[in-house]
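I have placed the structure first, in the form of structure tokens, so that the comments after it can refer back to it.
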Amino acid sequence: MNTIEVNNISKTFGSQIALDQVSFEVKPGEIFGLLGPNGAGKTTCIRIVLDIFKPDNGSVKIFGNGMSEGKKDQIGYLPEERGLYQDINLEECLNYLALLKGLSSSESHKRINEYLVRFNLDEHKKKKVKELSKGMQQKAQLITTLVHDPKLVIIDEPFSALDPVNTQMVKDILREQRDLGKTIVMCTHQMHQVEELCDRLVLINQGKSVLYGALIEVQKTYAGHAIHIRTEDQIPNYLPGMKEIKRLENHHLYQVDLDPEVFPQEFLKSLVAANINIDQFEIASPTLDEIFIQVVTESGMKYE
Amino acid sequence: MKKTLIVLKNELLTTIKRKSFILTLLLLPLIGLIFTIVVGNRDQTSGITSLISKLTTTEEENLLIGLMDETKNITEIPDKHKDQIKLYTTQKSAKFDLDSGIIKAFYFIPEDYVQKGKIVVYRPDFNPLSAGNDNYLIETLINSALLSENPEIMNLVNTVPEFKTELLTPEPQRDPEHQLTFFLPYIVTLLFYIVILGSSSMMLNSITNEKSNRVIEILLTSITPMQLLSGKIVALGLVGLLQTIVWSGTGLFILRLSGRSFALPIEFQLPTSILVWGIIFFILGFILYASLMAGVGALVSNIKEASQATTILVIPMVIPLVLLAPVIENSNGTLAVILSLFPFTSPVSMMTRLSAGSVPIWQIMLAIILLLFSAYWIVRSVSGFFRAQYLLSGKEFKIKYFIDAMLGRI
């Protein structure tokens with residue numbers, strides 16, 4: 001049973017088409033990337049999955065069928081527009097939101113205190129939320145997302161406005177949640193941030209799904225027949241199997257396009273035979289950003 | 001249901017724990033209390049009350065009135081008025097004293113007063129209230145002087161006739177001549193206005209607050225908009241009731257206290273039926289206005305827009321206040337009946353009428369039925385657009401947009 005099944009959902013607001021026939025599946029225990037530039041329709045898509053909005057067409061299944069009150073308690077959601085009650089103290093705020101997720105009063109107190117200690121917020125729990133720094137509020141928001149031990153975690157723009165330390169913290173938490181068997185959906189336009197985390201992804205542009213599948217497959221599909229080499233030696237202008245060579249940076253890094261019939265291993269042998277000292281040798285796989293630009297340009301769409 | 005209760009409990013606790021709420025809850029009765037003590041003890045000269053009464057009286061009030069009588073009827077000022085009136089023999093000296101601020105006004109009775117009945121008054125500026133009092137004082141003085149040879153007639157002229165009213169309505173009534181009978185409708189109306197407007201505004205604040213804090217999106221992933229709306233309505237209704245109880249409780253206490261200082265009977269009280277009607281009209285009025293405010297809350301994008309939108313909603317509530325005097329004066333007149341039947345004004349106006357006099361039972365029932373239908377319609381319309389799409393949109397608020405939403409056209 002898939003955790004989420006989205007079948008051909010469409011949504012319009014007035015004359016604006018926010019989503020057009022989008023479909024994807026999220027499998028249990030994976031980190032799924034819902035990617036696309038700003039305004040592509042990602043947040044609308046998430047809101048439909050969460051049953052906040054109703055789709056005009058199409059259907060969504062969560063844990064096998066439609067949304068129910070009980071299922072809402074099994075989902076942790078971190079919206080793009082982070083929000084907490086500003087005028088009450090942190091502990092009260094977190095407790096109220098946890099109670100609404102179905103936790104008992106004693107259980108919610110216990111778990112919130114554990115999280116507050118873990119996130120170094122313990123000494124601030126009696127402060128009003130508005131007195132906390134932005135980073136602290138981000139952490140508090142993460143507590144409301146995770147405190148009820150949800151089976152499915154949906155995070156919209158997980159790294160927006162985070163400094164490198166907090167970005168790393170969020171990545172660690174996401175990995176930890178995956179190791180606990182949770183399903184995670186990450187929704188972001190910062191594609192380079194999710195490359196190292198995502199198992200599978202769907203790419204949305206202007207409300208349409210333009211790319212969908214496992215990250216490795218997608219990268220393979222769009223990978224050119226090229227390798228990256230880092231060396232301090234001079235690479236000769238001609239080697240067997242080499243079609244073209246270009247220097248990438250000023251750090252002795254080169255990209256070599258190979259003849260279609262030549263395998264990278266064969267080319268490595270040629271390099272060794274030519275007595276070149278190699279510091280780094282890897283298959284050049286395109287970044288998600290590059291893939292996105294390629295897909296969008298090929299399909300003749302616009303992107304921001 | 002369980003989550004509605006969580007919303008209810010949270011809303012109730014956060015509202016009554018708020019400093020501004022506690023302050024309003026306690027401050028209003030306190031002002032009433034101080035007012036009663038000061039007004040009740042203005043003549044006494046002891047401690048804090050005399051200090052406050054000194055602050056509430058202007059200096060002008062303590063000045064004398066100058067008087068010159070060319071008809072020679074008033075030759076001397078009676079002892080009881082000596083600290084109020086000073087007699088002059090020349091206009092020059094009187095005007096000099098007026099200019100130097102020794103006297104506050106100068107009354108000049110010309111020789112031909114008995115024929116023409118005209119008196120000239122010189123004043124540095126005009127204050128209608130104190131002028132009225134001064135005129136009355138001089139009038140009494142002239143009457144006594146003119147009728148000095150007929151003390152019996154003078155007595156009758158200077159005594160206000162005593163009216164004793166016999167009421168034909170069955171319900172035990174307050175003494176119609178009572179000072180408080182006059183004030184009571186004002187007090188009840190204001191109390192009702194403040195409580196209904198106050199608690200329904202809290203509704204608007206609460207929703208706009210959740211929108212601007214952006215908590216609303218998190219709430220909507222845990223509860224439905226209807227759970228949120230119903231939890232809030234009940235909670236803030238209870239807050240309103242709490243306010244009513246505290247305020248009317250201290251109100252009764254103040255009445256008793258003022259009963260002592262005004263020498264009024266202690267058993268003074270409102271007819272019990274008014275309390276029952278009061279609760280019914282409060283609940284219906286609150287539901288009507290709170291759901292309207294919730295509707296506005298769903299559509300506005302920030303507090304600033306919310307306050308602009310409220311102004312329009314408040315107008316029907318202000319009408320009964322503006323027209324308070326004519327309604328109290330003629331509590332069964334056409335205007336009073338219309339205002340107390342029209343659902344947007346009836347919660348306040350009906351309470352004015354009920355506290356001013358008796359109201360035919362069919363009118364009360366009709367007002368309740370009309371209010372019930374309107375409240376039902378409003379709750380239904382508002383719940384129609386109290387949805388995520390509007391709660392999460394940042395669209396600019398326009399009255400037309402609100403009306404369209406109420407009529408189900410969006």
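A note on labels: chains of the structure tokens are A, B, ... as shown, every chain counts residues from 1, and ligands are counted from 1 in their shown order.
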**Prompt:** When the cut-off is 7 Å and we count only C-alpha atoms, which residues of chain B are near chain A, given as an MDAnalysis selection string?
**Reply:** chainID B and resid 3 6 213:215 220:222 388:389
**Asked** Residues at most 12 Å from Arg200 of chain A, counting only C-alpha atoms, excluding those fewer than 4 positions away in the same chain, as JSON, numbers by chain?
**Response** {"A": [24, 25, 26, 27, 28, 29, 30, 31, 32, 33, 34, 35, 183, 184, 185, 186, 194, 195, 196, 211, 212, 213, 214, 215, 216, 217, 218, 219, 288]}
Written selection (C-alpha atoms) as a PDB file, in the first residue's frame:
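This went into selection_3.pdb:
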ATOM      1  CA  PHE A  24       2.434  10.610  -8.268  1.00  0.00           C
ATOM      2  CA  GLU A  25       2.843   8.011  -5.566  1.00  0.00           C
ATOM      3  CA  VAL A  26       4.814   8.111  -2.350  1.00  0.00           C
ATOM      4  CA  LYS A  27       5.993   4.756  -1.029  1.00  0.00           C
ATOM      5  CA  PRO A  28       6.275   3.862   2.653  1.00  0.00           C
ATOM      6  CA  GLY A  29       9.606   4.678   4.274  1.00  0.00           C
ATOM      7  CA  GLU A  30      11.045   6.809   1.479  1.00  0.00           C
ATOM      8  CA  ILE A  31      12.058  10.432   1.237  1.00  0.00           C
ATOM      9  CA  PHE A  32      10.089  11.850  -1.640  1.00  0.00           C
ATOM     10  CA  GLY A  33      10.884  15.186  -3.265  1.00  0.00           C
ATOM     11  CA  LEU A  34       8.070  17.363  -4.546  1.00  0.00           C
ATOM     12  CA  LEU A  35      10.137  19.811  -6.539  1.00  0.00           C
ATOM     13  CA  THR A 183       7.662   8.434   5.116  1.00  0.00           C
ATOM     14  CA  ILE A 184       8.855  11.928   4.301  1.00  0.00           C
ATOM     15  CA  VAL A 185       7.684  14.307   1.611  1.00  0.00           C
ATOM     16  CA  MET A 186       9.917  17.304   1.025  1.00  0.00           C
ATOM     17  CA  VAL A 194      17.429  17.597  -1.583  1.00  0.00           C
ATOM     18  CA  GLU A 195      19.620  15.718  -4.031  1.00  0.00           C
ATOM     19  CA  GLU A 196      21.508  14.014  -1.249  1.00  0.00           C
ATOM     20  CA  LEU A 211       9.472  14.591 -14.450  1.00  0.00           C
ATOM     21  CA  TYR A 212       8.781  11.701 -12.118  1.00  0.00           C
ATOM     22  CA  GLY A 213      10.771   8.731 -10.871  1.00  0.00           C
ATOM     23  CA  ALA A 214      13.697   7.533  -8.733  1.00  0.00           C
ATOM     24  CA  LEU A 215      16.473  10.092  -8.395  1.00  0.00           C
ATOM     25  CA  ILE A 216      19.146   7.691  -9.691  1.00  0.00           C
ATOM     26  CA  GLU A 217      17.077   6.779 -12.747  1.00  0.00           C
ATOM     27  CA  VAL A 218      16.356  10.403 -13.494  1.00  0.00           C
ATOM     28  CA  GLN A 219      20.041  11.299 -13.242  1.00  0.00           C
ATOM     29  CA  LEU A 288      18.739  18.400 -10.443  1.00  0.00           C
TER      30      LEU A 288
END
**Item:** Selection near segment 136-153 of chain B, 12 Å with only C-alpha atoms, sequence-local residues under 2 positions removed, as a ChimeraX atom specification
**Value:** /B:64-69,71-82,84-87,105-109,113-114,117-121,129-134,155-159
**Request:** Name the residues in contact with Glu131 of chain A at a cut-off of 10 Å, using only C-alpha atoms, excluding same-chain residues fewer than 3 positions from it; report them as a PyMOL selection string.
**Result:** chain A and resi 86-87+89-90+124+127-128+134+136-137
Those same residues, written as a compact mmCIF listing (two decimals), in the first residue's frame with all heavy atoms?
# COMPACT_ATOMS: atom_id res chain seq x y z
N GLN A 86 2.01 33.84 18.78
CA GLN A 86 3.11 34.69 19.22
C GLN A 86 2.96 35.17 20.67
O GLN A 86 3.95 35.43 21.33
CB GLN A 86 3.23 35.91 18.30
CG GLN A 86 3.56 35.55 16.85
CD GLN A 86 4.97 35.02 16.68
OE1 GLN A 86 5.92 35.59 17.20
NE2 GLN A 86 5.11 33.91 15.97
N ASP A 87 1.73 35.29 21.13
CA ASP A 87 1.52 35.96 22.41
C ASP A 87 1.40 35.05 23.62
O ASP A 87 1.12 35.50 24.72
CB ASP A 87 0.28 36.86 22.33
CG ASP A 87 0.53 38.05 21.45
OD1 ASP A 87 1.65 38.56 21.49
OD2 ASP A 87 -0.38 38.45 20.70
N ASN A 89 3.11 31.59 25.90
CA ASN A 89 4.45 31.06 26.07
C ASN A 89 4.65 29.77 25.27
O ASN A 89 3.70 29.09 24.90
CB ASN A 89 4.87 30.96 27.55
CG ASN A 89 4.24 29.80 28.28
OD1 ASN A 89 4.14 28.70 27.73
ND2 ASN A 89 3.81 30.04 29.50
N LEU A 90 5.91 29.49 24.99
CA LEU A 90 6.27 28.42 24.06
C LEU A 90 5.64 27.09 24.46
O LEU A 90 5.06 26.38 23.63
CB LEU A 90 7.80 28.30 24.02
CG LEU A 90 8.36 27.19 23.15
CD1 LEU A 90 7.99 27.44 21.70
CD2 LEU A 90 9.86 27.11 23.28
N HIS A 124 13.88 28.20 27.56
CA HIS A 124 13.06 29.26 26.97
C HIS A 124 11.57 28.93 26.98
O HIS A 124 10.78 29.67 26.43
CB HIS A 124 13.49 29.52 25.52
CG HIS A 124 14.93 29.83 25.38
ND1 HIS A 124 15.47 31.02 25.80
CD2 HIS A 124 15.96 29.11 24.88
CE1 HIS A 124 16.77 31.01 25.56
NE2 HIS A 124 17.09 29.86 25.01
N LYS A 127 9.05 31.52 27.94
CA LYS A 127 9.07 32.80 27.22
C LYS A 127 7.95 32.83 26.20
O LYS A 127 7.55 31.80 25.66
CB LYS A 127 10.40 32.97 26.47
CG LYS A 127 11.54 33.39 27.35
CD LYS A 127 12.74 33.73 26.47
CE LYS A 127 13.96 33.97 27.33
NZ LYS A 127 15.18 33.92 26.53
N LYS A 128 7.48 34.04 25.90
CA LYS A 128 6.50 34.16 24.82
C LYS A 128 7.18 33.83 23.50
O LYS A 128 8.36 34.14 23.31
CB LYS A 128 5.96 35.59 24.77
CG LYS A 128 4.90 35.85 25.80
CD LYS A 128 4.21 37.17 25.56
CE LYS A 128 3.14 37.35 26.63
NZ LYS A 128 2.54 38.66 26.59
N LYS A 134 14.52 33.65 15.49
CA LYS A 134 13.92 32.97 14.34
C LYS A 134 14.34 31.48 14.33
O LYS A 134 13.52 30.61 14.07
CB LYS A 134 14.39 33.66 13.07
CG LYS A 134 13.39 33.51 11.95
CD LYS A 134 13.73 34.44 10.81
CE LYS A 134 12.74 34.23 9.69
NZ LYS A 134 13.03 35.05 8.53
N MET A 136 15.14 29.64 16.87
CA MET A 136 14.43 28.91 17.93
C MET A 136 13.00 28.61 17.50
O MET A 136 12.48 27.53 17.75
CB MET A 136 14.40 29.75 19.20
CG MET A 136 15.71 29.90 19.91
SD MET A 136 15.44 30.94 21.36
CE MET A 136 17.12 31.20 21.88
N GLN A 137 12.37 29.59 16.84
CA GLN A 137 11.00 29.36 16.39
C GLN A 137 10.93 28.24 15.35
O GLN A 137 9.99 27.46 15.33
CB GLN A 137 10.41 30.65 15.81
CG GLN A 137 10.19 31.71 16.86
CD GLN A 137 9.20 32.79 16.43
OE1 GLN A 137 8.30 32.53 15.64
NE2 GLN A 137 9.38 33.99 16.94
**Message:** Env of Ser285 of chain A: 9 Å cut, atoms = only C-alpha atoms, seq-sep filter 3 positions within chain, self excluded. Answer as number ranges by chain.
**Reply:** A: 219-220, 222-224, 226-227, 282
